[in-house]
$ cat run29.cif   # mmCIF, C-alpha atoms and all ligand atoms
data_start
#
loop_
_atom_site.label_atom_id
_atom_site.label_comp_id
_atom_site.auth_asym_id
_atom_site.auth_seq_id
_atom_site.Cartn_x
_atom_site.Cartn_y
_atom_site.Cartn_z
CA MET A 1389 -42.89 44.60 23.38
CA GLU A 1390 -40.46 45.50 26.17
CA ILE A 1391 -36.76 44.83 26.67
CA VAL A 1392 -37.61 41.97 29.05
CA ASP A 1393 -39.55 40.23 26.24
CA ILE A 1394 -36.45 40.43 24.06
CA TYR A 1395 -34.34 39.20 26.98
CA LEU A 1396 -36.58 36.20 27.61
CA LYS A 1397 -35.92 35.01 24.06
CA SER A 1398 -32.17 35.66 24.27
CA GLN A 1399 -29.13 33.43 24.55
CA THR A 1400 -28.20 35.23 27.76
CA HIS A 1401 -31.45 34.22 29.47
CA ARG A 1402 -31.23 30.67 28.17
CA ILE A 1403 -27.71 30.20 29.51
CA VAL A 1404 -28.01 32.03 32.85
CA SER A 1405 -31.40 30.58 33.80
CA LEU A 1406 -30.21 27.08 33.00
CA ASP A 1407 -27.03 27.58 35.06
CA LYS A 1408 -29.13 28.86 37.96
CA ALA A 1409 -31.63 26.02 37.77
CA ARG A 1410 -28.75 23.54 37.90
CA GLY A 1411 -27.15 25.41 40.79
CA MET A 1412 -24.12 25.95 38.59
CA LEU A 1413 -23.91 29.70 38.08
CA SER A 1414 -20.55 30.68 36.66
CA HIS A 1415 -18.36 33.07 38.69
CA ALA A 1416 -18.16 35.36 35.64
CA TYR A 1417 -20.19 36.04 32.51
CA MET A 1418 -19.22 38.30 29.65
CA LEU A 1419 -22.01 39.67 27.44
CA GLU A 1420 -20.95 40.94 24.04
CA CYS A 1421 -23.22 42.99 21.76
CA SER A 1422 -22.69 46.04 19.58
CA ASP A 1423 -25.92 47.53 20.93
CA THR A 1424 -25.10 49.39 24.17
CA TYR A 1425 -28.78 49.64 25.12
CA VAL A 1426 -29.13 45.85 25.02
CA LEU A 1427 -25.93 45.39 27.04
CA GLU A 1428 -26.93 47.80 29.77
CA HIS A 1429 -30.41 46.33 30.19
CA PHE A 1430 -29.42 42.70 29.80
CA ALA A 1431 -26.75 43.09 32.52
CA MET A 1432 -29.44 44.34 34.93
CA LEU A 1433 -31.78 41.51 33.91
CA VAL A 1434 -29.00 38.99 34.55
CA ALA A 1435 -28.64 40.50 38.05
CA LYS A 1436 -32.41 40.10 38.56
CA GLU A 1437 -32.18 36.55 37.25
CA ILE A 1438 -29.46 35.70 39.78
CA PHE A 1439 -31.17 37.33 42.77
CA CYS A 1440 -34.77 36.40 41.85
CA GLU A 1441 -36.61 34.34 44.45
CA SER A 1442 -39.20 32.84 42.09
CA GLU A 1443 -39.07 29.66 40.07
CA GLN A 1444 -39.53 31.48 36.76
CA THR A 1445 -36.66 33.95 36.66
CA PRO A 1446 -36.54 36.91 36.39
CA CYS A 1447 -40.09 37.37 37.73
CA LEU A 1448 -39.70 41.16 38.12
CA LYS A 1449 -42.21 40.97 41.00
CA CYS A 1450 -40.37 39.44 43.95
CA ASN A 1451 -38.60 41.50 46.61
CA ASN A 1452 -35.17 40.98 45.09
CA CYS A 1453 -36.22 41.82 41.52
CA ILE A 1454 -37.78 45.03 42.82
CA LYS A 1455 -34.70 45.89 44.88
CA VAL A 1456 -32.49 45.54 41.79
CA GLU A 1457 -34.94 47.64 39.77
CA HIS A 1458 -34.89 50.41 42.40
CA SER A 1459 -31.11 50.25 42.97
CA ASN A 1460 -31.68 49.08 46.56
CA MET A 1461 -29.92 45.74 46.29
CA VAL A 1462 -26.92 46.00 48.63
CA ASP A 1463 -25.24 42.96 47.11
CA LEU A 1464 -25.24 44.42 43.60
CA LYS A 1465 -22.54 46.88 42.55
CA ILE A 1466 -22.35 48.54 39.14
CA CYS A 1467 -19.10 49.97 37.80
CA PRO A 1468 -18.32 52.49 36.41
CA LYS A 1469 -21.02 54.76 37.78
CA ASP A 1470 -20.14 57.85 35.80
CA GLY A 1471 -19.86 56.43 32.29
CA LYS A 1472 -16.04 56.67 32.39
CA SER A 1473 -13.67 53.77 31.65
CA ILE A 1474 -12.90 51.32 34.44
CA VAL A 1475 -9.48 51.99 36.01
CA VAL A 1476 -7.36 49.96 38.39
CA GLU A 1477 -8.66 51.88 41.46
CA ASP A 1478 -12.21 50.73 40.61
CA ILE A 1479 -11.09 47.10 40.51
CA ASN A 1480 -9.11 47.48 43.77
CA GLU A 1481 -12.29 48.68 45.44
CA ILE A 1482 -14.30 45.79 43.98
CA VAL A 1483 -11.71 43.18 44.93
CA SER A 1484 -11.62 44.25 48.57
CA ASP A 1485 -15.42 44.47 48.66
CA SER A 1486 -15.84 41.03 47.08
CA ILE A 1487 -14.07 39.37 50.02
CA GLN A 1488 -16.90 40.43 52.37
CA ARG A 1489 -19.84 38.04 52.64
CA PRO A 1490 -23.12 38.93 50.93
CA MET A 1491 -25.21 41.13 53.23
CA ASP A 1492 -28.67 40.35 52.01
CA GLY A 1493 -28.78 37.21 49.97
CA GLN A 1494 -26.77 34.34 48.71
CA PHE A 1495 -24.70 36.15 46.09
CA LYS A 1496 -22.76 39.30 45.45
CA VAL A 1497 -22.98 40.51 41.86
CA TYR A 1498 -20.67 43.02 40.19
CA ILE A 1499 -21.67 44.46 36.84
CA LEU A 1500 -18.61 45.80 35.03
CA ASN A 1501 -19.89 47.80 32.07
CA ASN A 1502 -17.89 48.39 28.89
CA PHE A 1503 -15.10 46.17 30.11
CA ASP A 1504 -13.47 46.38 26.66
CA LYS A 1505 -12.74 50.02 27.50
CA ALA A 1506 -11.15 49.19 30.87
CA THR A 1507 -7.42 49.91 31.12
CA VAL A 1508 -5.01 46.96 30.74
CA GLN A 1509 -3.92 47.43 34.37
CA ALA A 1510 -7.54 47.20 35.51
CA GLN A 1511 -8.10 44.08 33.41
CA ASN A 1512 -4.96 42.46 34.81
CA LYS A 1513 -6.03 43.31 38.34
CA LEU A 1514 -9.40 41.63 37.82
CA LEU A 1515 -7.67 38.61 36.27
CA LYS A 1516 -6.08 37.73 39.63
CA THR A 1517 -9.54 37.64 41.23
CA LEU A 1518 -11.00 35.59 38.38
CA GLU A 1519 -8.21 33.05 38.83
CA GLU A 1520 -9.26 32.52 42.44
CA PRO A 1521 -12.80 33.84 42.67
CA PRO A 1522 -14.27 34.42 46.14
CA MET A 1523 -17.25 32.24 47.07
CA ASN A 1524 -20.70 33.41 45.94
CA VAL A 1525 -19.34 36.28 43.85
CA ILE A 1526 -20.54 36.68 40.27
CA PHE A 1527 -19.06 39.14 37.81
CA VAL A 1528 -21.11 40.30 34.83
CA LEU A 1529 -18.85 41.98 32.27
CA THR A 1530 -20.28 43.75 29.24
CA CYS A 1531 -18.44 44.69 26.07
CA SER A 1532 -19.07 45.78 22.49
CA ASN A 1533 -15.80 44.34 21.22
CA SER A 1534 -14.31 41.35 23.00
CA GLY A 1535 -11.16 41.84 20.89
CA ASN A 1536 -10.19 44.52 23.41
CA VAL A 1537 -10.53 42.19 26.39
CA LEU A 1538 -7.38 40.31 27.44
CA PRO A 1539 -7.47 36.69 26.18
CA THR A 1540 -6.56 35.55 29.70
CA ILE A 1541 -9.78 37.19 30.98
CA GLN A 1542 -11.81 35.72 28.11
CA SER A 1543 -10.65 32.23 29.01
CA ARG A 1544 -11.96 32.65 32.57
CA VAL A 1545 -15.45 33.97 31.82
CA LYS A 1546 -18.50 32.39 30.23
CA SER A 1547 -18.89 34.40 27.01
CA ILE A 1548 -22.33 35.11 25.57
CA THR A 1549 -22.73 36.94 22.26
CA GLU A 1550 -25.99 38.67 21.42
CA ASN A 1551 -26.78 39.53 17.80
CA LEU A 1552 -28.52 42.73 16.79
CA LEU A 1553 -32.30 42.57 16.50
CA ASP A 1554 -34.11 41.97 13.24
CA VAL A 1555 -36.02 44.94 11.85
CA GLU A 1556 -39.48 43.58 12.78
CA THR A 1557 -38.57 43.01 16.44
CA LEU A 1558 -36.89 46.41 16.63
CA ALA A 1559 -39.94 48.13 15.09
CA GLU A 1560 -42.23 46.35 17.56
CA PHE A 1561 -40.02 47.36 20.47
CA LEU A 1562 -39.91 51.01 19.30
CA THR A 1563 -43.69 51.03 18.90
CA GLY A 1564 -43.91 49.78 22.50
CA MET A 1565 -41.75 52.74 23.54
CA LYS A 1566 -44.13 55.04 21.64
CA ILE A 1567 -41.35 56.15 19.27
CA LYS A 1568 -42.70 58.16 16.35
CA ASP A 1569 -42.30 56.55 12.89
CA SER A 1570 -41.03 53.36 14.53
CA GLN A 1571 -41.01 51.44 11.22
CA SER A 1572 -38.83 54.02 9.44
CA VAL A 1573 -36.51 54.38 12.42
CA ALA A 1574 -36.15 50.58 12.70
CA SER A 1575 -35.39 50.31 8.96
CA VAL A 1576 -32.39 52.61 9.19
CA SER A 1577 -31.01 51.54 12.58
CA GLY A 1578 -29.31 48.31 11.54
CA GLY A 1579 -31.04 46.41 14.35
CA SER A 1580 -29.56 48.51 17.14
CA ILE A 1581 -31.89 49.94 19.79
CA ALA A 1582 -29.19 52.41 20.87
CA THR A 1583 -28.90 53.73 17.29
CA ALA A 1584 -32.69 53.81 16.88
CA LEU A 1585 -33.13 55.89 20.03
CA LYS A 1586 -30.42 58.29 18.87
CA LEU A 1587 -32.15 58.70 15.51
CA SER A 1588 -35.68 58.86 16.89
CA GLY A 1589 -35.24 62.45 18.05
CA GLY A 1590 -34.90 63.62 14.45
CA ASP A 1591 -37.48 63.67 11.73
CA THR A 1592 -36.71 60.18 10.47
CA LYS A 1593 -39.80 59.77 8.33
CA LYS A 1594 -39.07 63.01 6.47
CA ILE A 1595 -35.46 61.98 5.87
CA VAL A 1596 -36.45 58.51 4.61
CA GLU A 1597 -39.07 60.08 2.28
CA LEU A 1598 -36.50 62.50 0.88
CA ALA A 1599 -33.92 59.74 0.36
CA PHE A 1600 -36.39 57.62 -1.61
CA GLU A 1601 -37.58 60.66 -3.56
CA CYS A 1602 -34.01 61.59 -4.42
CA LEU A 1603 -33.11 58.10 -5.71
CA LEU A 1604 -36.39 57.73 -7.61
CA GLU A 1605 -36.84 61.16 -9.10
CA LEU A 1606 -33.41 62.63 -9.74
CA ARG A 1607 -33.47 62.72 -13.54
CA SER A 1608 -31.83 65.89 -14.83
CA SER A 1609 -29.46 68.62 -13.70
CA ALA A 1610 -32.50 70.82 -13.09
CA ASP A 1611 -33.54 68.40 -10.33
CA ILE A 1612 -30.20 68.92 -8.60
CA LEU A 1613 -31.18 72.41 -7.50
CA LYS A 1614 -34.51 71.20 -6.15
CA PHE A 1615 -32.99 68.36 -4.13
CA SER A 1616 -29.93 70.30 -3.08
CA SER A 1617 -31.97 72.87 -1.14
CA LYS A 1618 -34.13 70.20 0.50
CA ILE A 1619 -31.06 68.22 1.57
CA LEU A 1620 -29.20 71.30 2.84
CA ALA A 1621 -32.23 72.11 5.00
CA LEU A 1622 -31.56 68.86 6.92
CA LYS A 1623 -28.38 70.48 8.33
CA LYS A 1624 -26.90 68.16 11.00
CA ASP A 1625 -29.13 65.29 9.82
CA PHE A 1626 -27.25 65.17 6.51
CA VAL A 1627 -25.05 62.28 7.71
CA PHE A 1628 -28.18 60.34 8.61
CA PHE A 1629 -29.54 61.12 5.15
CA VAL A 1630 -26.40 59.61 3.59
CA ASP A 1631 -26.73 56.55 5.90
CA THR A 1632 -30.32 56.20 4.71
CA LEU A 1633 -29.36 56.35 1.02
CA ILE A 1634 -26.81 53.58 1.65
CA SER A 1635 -29.39 51.47 3.52
CA ILE A 1636 -31.91 51.87 0.69
CA LEU A 1637 -29.34 50.88 -1.95
CA ARG A 1638 -28.42 47.85 0.13
CA ASP A 1639 -32.08 46.83 0.10
CA VAL A 1640 -32.24 47.30 -3.67
CA ALA A 1641 -29.17 45.08 -4.06
CA VAL A 1642 -30.62 42.25 -1.96
CA CYS A 1643 -34.34 42.67 -2.67
CA GLU A 1644 -34.59 39.46 -4.66
CA THR A 1645 -33.75 37.50 -1.51
CA GLY A 1646 -36.69 39.20 0.23
CA LYS A 1647 -34.48 40.26 3.15
CA ILE A 1648 -35.10 43.99 2.97
CA ASN A 1649 -35.17 46.44 5.87
CA PHE A 1650 -37.62 48.93 4.35
CA LYS A 1651 -40.47 46.42 4.29
CA ASP A 1652 -43.11 49.17 4.16
CA ARG A 1653 -41.44 50.56 0.99
CA LYS A 1654 -41.29 47.28 -0.94
CA ILE A 1655 -42.88 48.81 -4.06
CA ASP A 1656 -40.37 51.67 -4.11
CA ILE A 1657 -37.49 49.25 -3.62
CA GLU A 1658 -38.75 47.23 -6.61
CA SER A 1659 -39.04 50.41 -8.70
CA LEU A 1660 -35.47 51.32 -7.78
CA LYS A 1661 -34.34 47.84 -8.80
CA LYS A 1662 -35.60 48.64 -12.31
CA ILE A 1663 -33.64 51.91 -12.39
CA TYR A 1664 -30.33 50.96 -10.77
CA SER A 1665 -28.12 48.12 -12.01
CA ALA A 1666 -25.79 46.25 -9.64
CA ASP A 1667 -22.88 48.31 -11.03
CA ALA A 1668 -24.75 51.56 -10.41
CA ILE A 1669 -25.48 50.55 -6.81
CA ARG A 1670 -21.81 49.74 -6.24
CA SER A 1671 -20.62 53.04 -7.75
CA ILE A 1672 -23.11 55.21 -5.89
CA THR A 1673 -22.44 53.46 -2.58
CA SER A 1674 -18.75 54.12 -3.04
CA VAL A 1675 -19.46 57.82 -3.80
CA LEU A 1676 -21.61 58.02 -0.67
CA CYS A 1677 -19.00 56.38 1.53
CA GLN A 1678 -16.48 59.03 0.50
CA ILE A 1679 -18.78 61.74 1.84
CA TYR A 1680 -18.03 60.85 5.48
CA GLY A 1681 -14.36 61.67 4.84
CA LYS A 1682 -15.22 64.94 3.11
CA LEU A 1683 -17.37 65.99 6.07
CA GLU A 1684 -14.53 65.22 8.48
CA PHE A 1685 -12.32 67.59 6.52
CA ASN A 1686 -15.00 70.27 6.85
CA CYS A 1687 -15.58 70.60 3.12
CA ASN A 1688 -18.24 73.10 2.15
CA LEU A 1689 -21.59 71.36 2.63
CA THR A 1690 -23.28 72.90 -0.42
CA GLY A 1691 -20.38 71.70 -2.56
CA VAL A 1692 -20.55 68.20 -1.04
CA VAL A 1693 -24.32 67.92 -1.60
CA ASP A 1694 -24.17 69.19 -5.21
CA ARG A 1695 -21.26 66.89 -6.01
CA MET A 1696 -23.14 63.94 -4.51
CA LEU A 1697 -26.27 64.62 -6.58
CA LEU A 1698 -24.22 65.13 -9.73
CA ASP A 1699 -22.37 61.85 -9.12
CA ILE A 1700 -25.61 59.94 -8.57
CA LEU A 1701 -27.05 61.42 -11.77
CA GLU A 1702 -23.91 60.59 -13.74
CA VAL A 1703 -23.79 56.97 -12.52
CA LYS A 1704 -27.51 56.63 -13.20
CA PHE A 1705 -26.94 57.48 -16.85
CA LEU A 1706 -23.66 55.60 -17.28
CA CYS A 1707 -25.20 52.41 -15.90
CA LEU A 1708 -28.60 52.89 -17.48
CA LYS A 1709 -30.43 49.60 -17.48
ZN ZN A 1801 -37.99 37.85 40.96
#
$ encode --input "run29.cif" --output "structure tokens"
Amino acid sequence: MEIVDIYLKSQTHRIVSLDKARGMLSHAYMLECSDTYVLEHFAMLVAKEIFCESEQTPCLKCNNCIKVEHSNMVDLKICPKDGKSIVVEDINEIVSDSIQRPMDGQFKVYILNNFDKATVQAQNKLLKTLEEPPMNVIFVLTCSNSGNVLPTIQSRVKSITENLLDVETLAEFLTGMKIKDSQSVASVSGGSIATALKLSGGDTKKIVELAFECLLELRSSADILKFSSKILALKKDFVFFVDTLISILRDVAVCETGKINFKDRKIDIESLKKIYSADAIRSITSVLCQIYGKLEFNCNLTGVVDRMLLDILEVKFLCLK
């Protein structure tokens, strides 16, 4: 599975392709998703969709689709180029450029990435153009949090919200990208491709194994020493280990509904359900959430890990089923 397969099933494709087929493309779209990978790729696919010369858009084969793919499309501009926030100078440049007629095709498309991070001045500057949009100009704004986009802008764009992927689709996509341990990585990524790719560099499978082992087999204070050294060896991956513990406990809490992320560990999740009561899950999750704060204050890692294991053990016995 590739990103285009995900796109073809998306809201974004449904809306934009229908608008195009009806000859009623909006002068501005705003894509919202908390997955930055999806945003970045969907914005490019929307550009292909708009420029595509075939009936079935985006075909990815026609001249225009290939030009967009190879960054040779003169009528497509992407801002910002350097990953910085959009500032008023960027918009000034775009506004004066947008008055010129398209050079190659019928439309001029401007992709404005992370528009929720654009300065208020830049947003206000774009607003004037959106109020009286030049002919044949289409803006594609992307954002992770539309709450940071001026309401006046939001009322002048066609908003499309994309949800995060389900674990199966994400795992399939990661497998397609030849990511190692795609199932484990997908289980702990909360449906975000961007998060999954960040995590995929590490030894995800090992971390997931250790997290399950820790929850299943931590029985006495003697075990604390054993687990403590294994966890400390994870070093910078410790935060990911804590994330994983929280994800597993979430699965244990909801496993009766069948909606678990660690589908390949169903038996372990069911075993954990027999060990941890709902109260225990709540208490341990709250202990784990406090760890992020402790790490920010640079507490001694050995102390944090030992305390965490001791707390889990204590809750396990207090809430013994
Ligand atoms: Zn095409």
$ closest_residue --input "run29.cif" --among "A:Leu1603, A:Leu1585, A:Leu1433, A:Ile1526" --to "ligand ZN 1801 (chain A)" --atoms "only C-alpha atoms and all ligand atoms"
A:Leu1433
$ residues_near_point --input "run29.cif" --point "(-7.2, 44.5, 34.8)" --cutoff "9 Å" --atoms "only C-alpha atoms" --output "MDAnalysis selection string"
chainID A and resid 1474:1476 1479 1506:1516 1538 1541
$ residues_near_point --input "run29.cif" --point "(-42.3, 43.5, 20.1)" --cutoff "7 Å" --atoms "only C-alpha atoms" --output "count of residues only"
6
$ residues_around --input "run29.cif" --residues "Leu1552 in chain A" --least-positions-apart "6" --cutoff "8 Å" --atoms "only C-alpha atoms" --output "PyMOL selection string"
chain A and resi 1421-1423+1578-1580
$ closest_atom_pairs --input "run29.cif" --of "chain A" --to "ligand ZN 1801 (chain A)" --cutoff "6 Å" --atoms "all atoms listed in the file" --output "tab-separated table"
residue	atom	partner	partner_atom	distance
A:Cys1440	CA	A:ZN1801	ZN	3.6
A:Glu1441	CA	A:ZN1801	ZN	5.1
A:Ser1442	CA	A:ZN1801	ZN	5.3
A:Thr1445	CA	A:ZN1801	ZN	6.0
A:Pro1446	CA	A:ZN1801	ZN	4.9
A:Cys1447	CA	A:ZN1801	ZN	3.9
A:Leu1448	CA	A:ZN1801	ZN	4.7
A:Lys1449	CA	A:ZN1801	ZN	5.2
A:Cys1450	CA	A:ZN1801	ZN	4.1
A:Asn1452	CA	A:ZN1801	ZN	5.9
A:Cys1453	CA	A:ZN1801	ZN	4.4
$ write_last_selection --input "run29.cif" --atoms "C-alpha atoms" --output "CSV table (one decimal), in the coordinates of the input"
chain,number,residue,atom,x,y,z
A,1440,CYS,CA,-34.8,36.4,41.8
A,1441,GLU,CA,-36.6,34.3,44.4
A,1442,SER,CA,-39.2,32.8,42.1
A,1445,THR,CA,-36.7,34.0,36.7
A,1446,PRO,CA,-36.5,36.9,36.4
A,1447,CYS,CA,-40.1,37.4,37.7
A,1448,LEU,CA,-39.7,41.2,38.1
A,1449,LYS,CA,-42.2,41.0,41.0
A,1450,CYS,CA,-40.4,39.4,44.0
A,1452,ASN,CA,-35.2,41.0,45.1
A,1453,CYS,CA,-36.2,41.8,41.5
$ closest_residue --input "run29.cif" --among "A:Tyr1498, A:Leu1620, A:Cys1531, A:Asp1652" --to "Asp1569 in chain A" --atoms "all atoms listed in the file"
A:Asp1652
$ atom_distance --input "run29.cif" --atom1 "CA of Thr1690 in chain A" --atom2 "CA of Val1630 in chain A"
14.2 Å
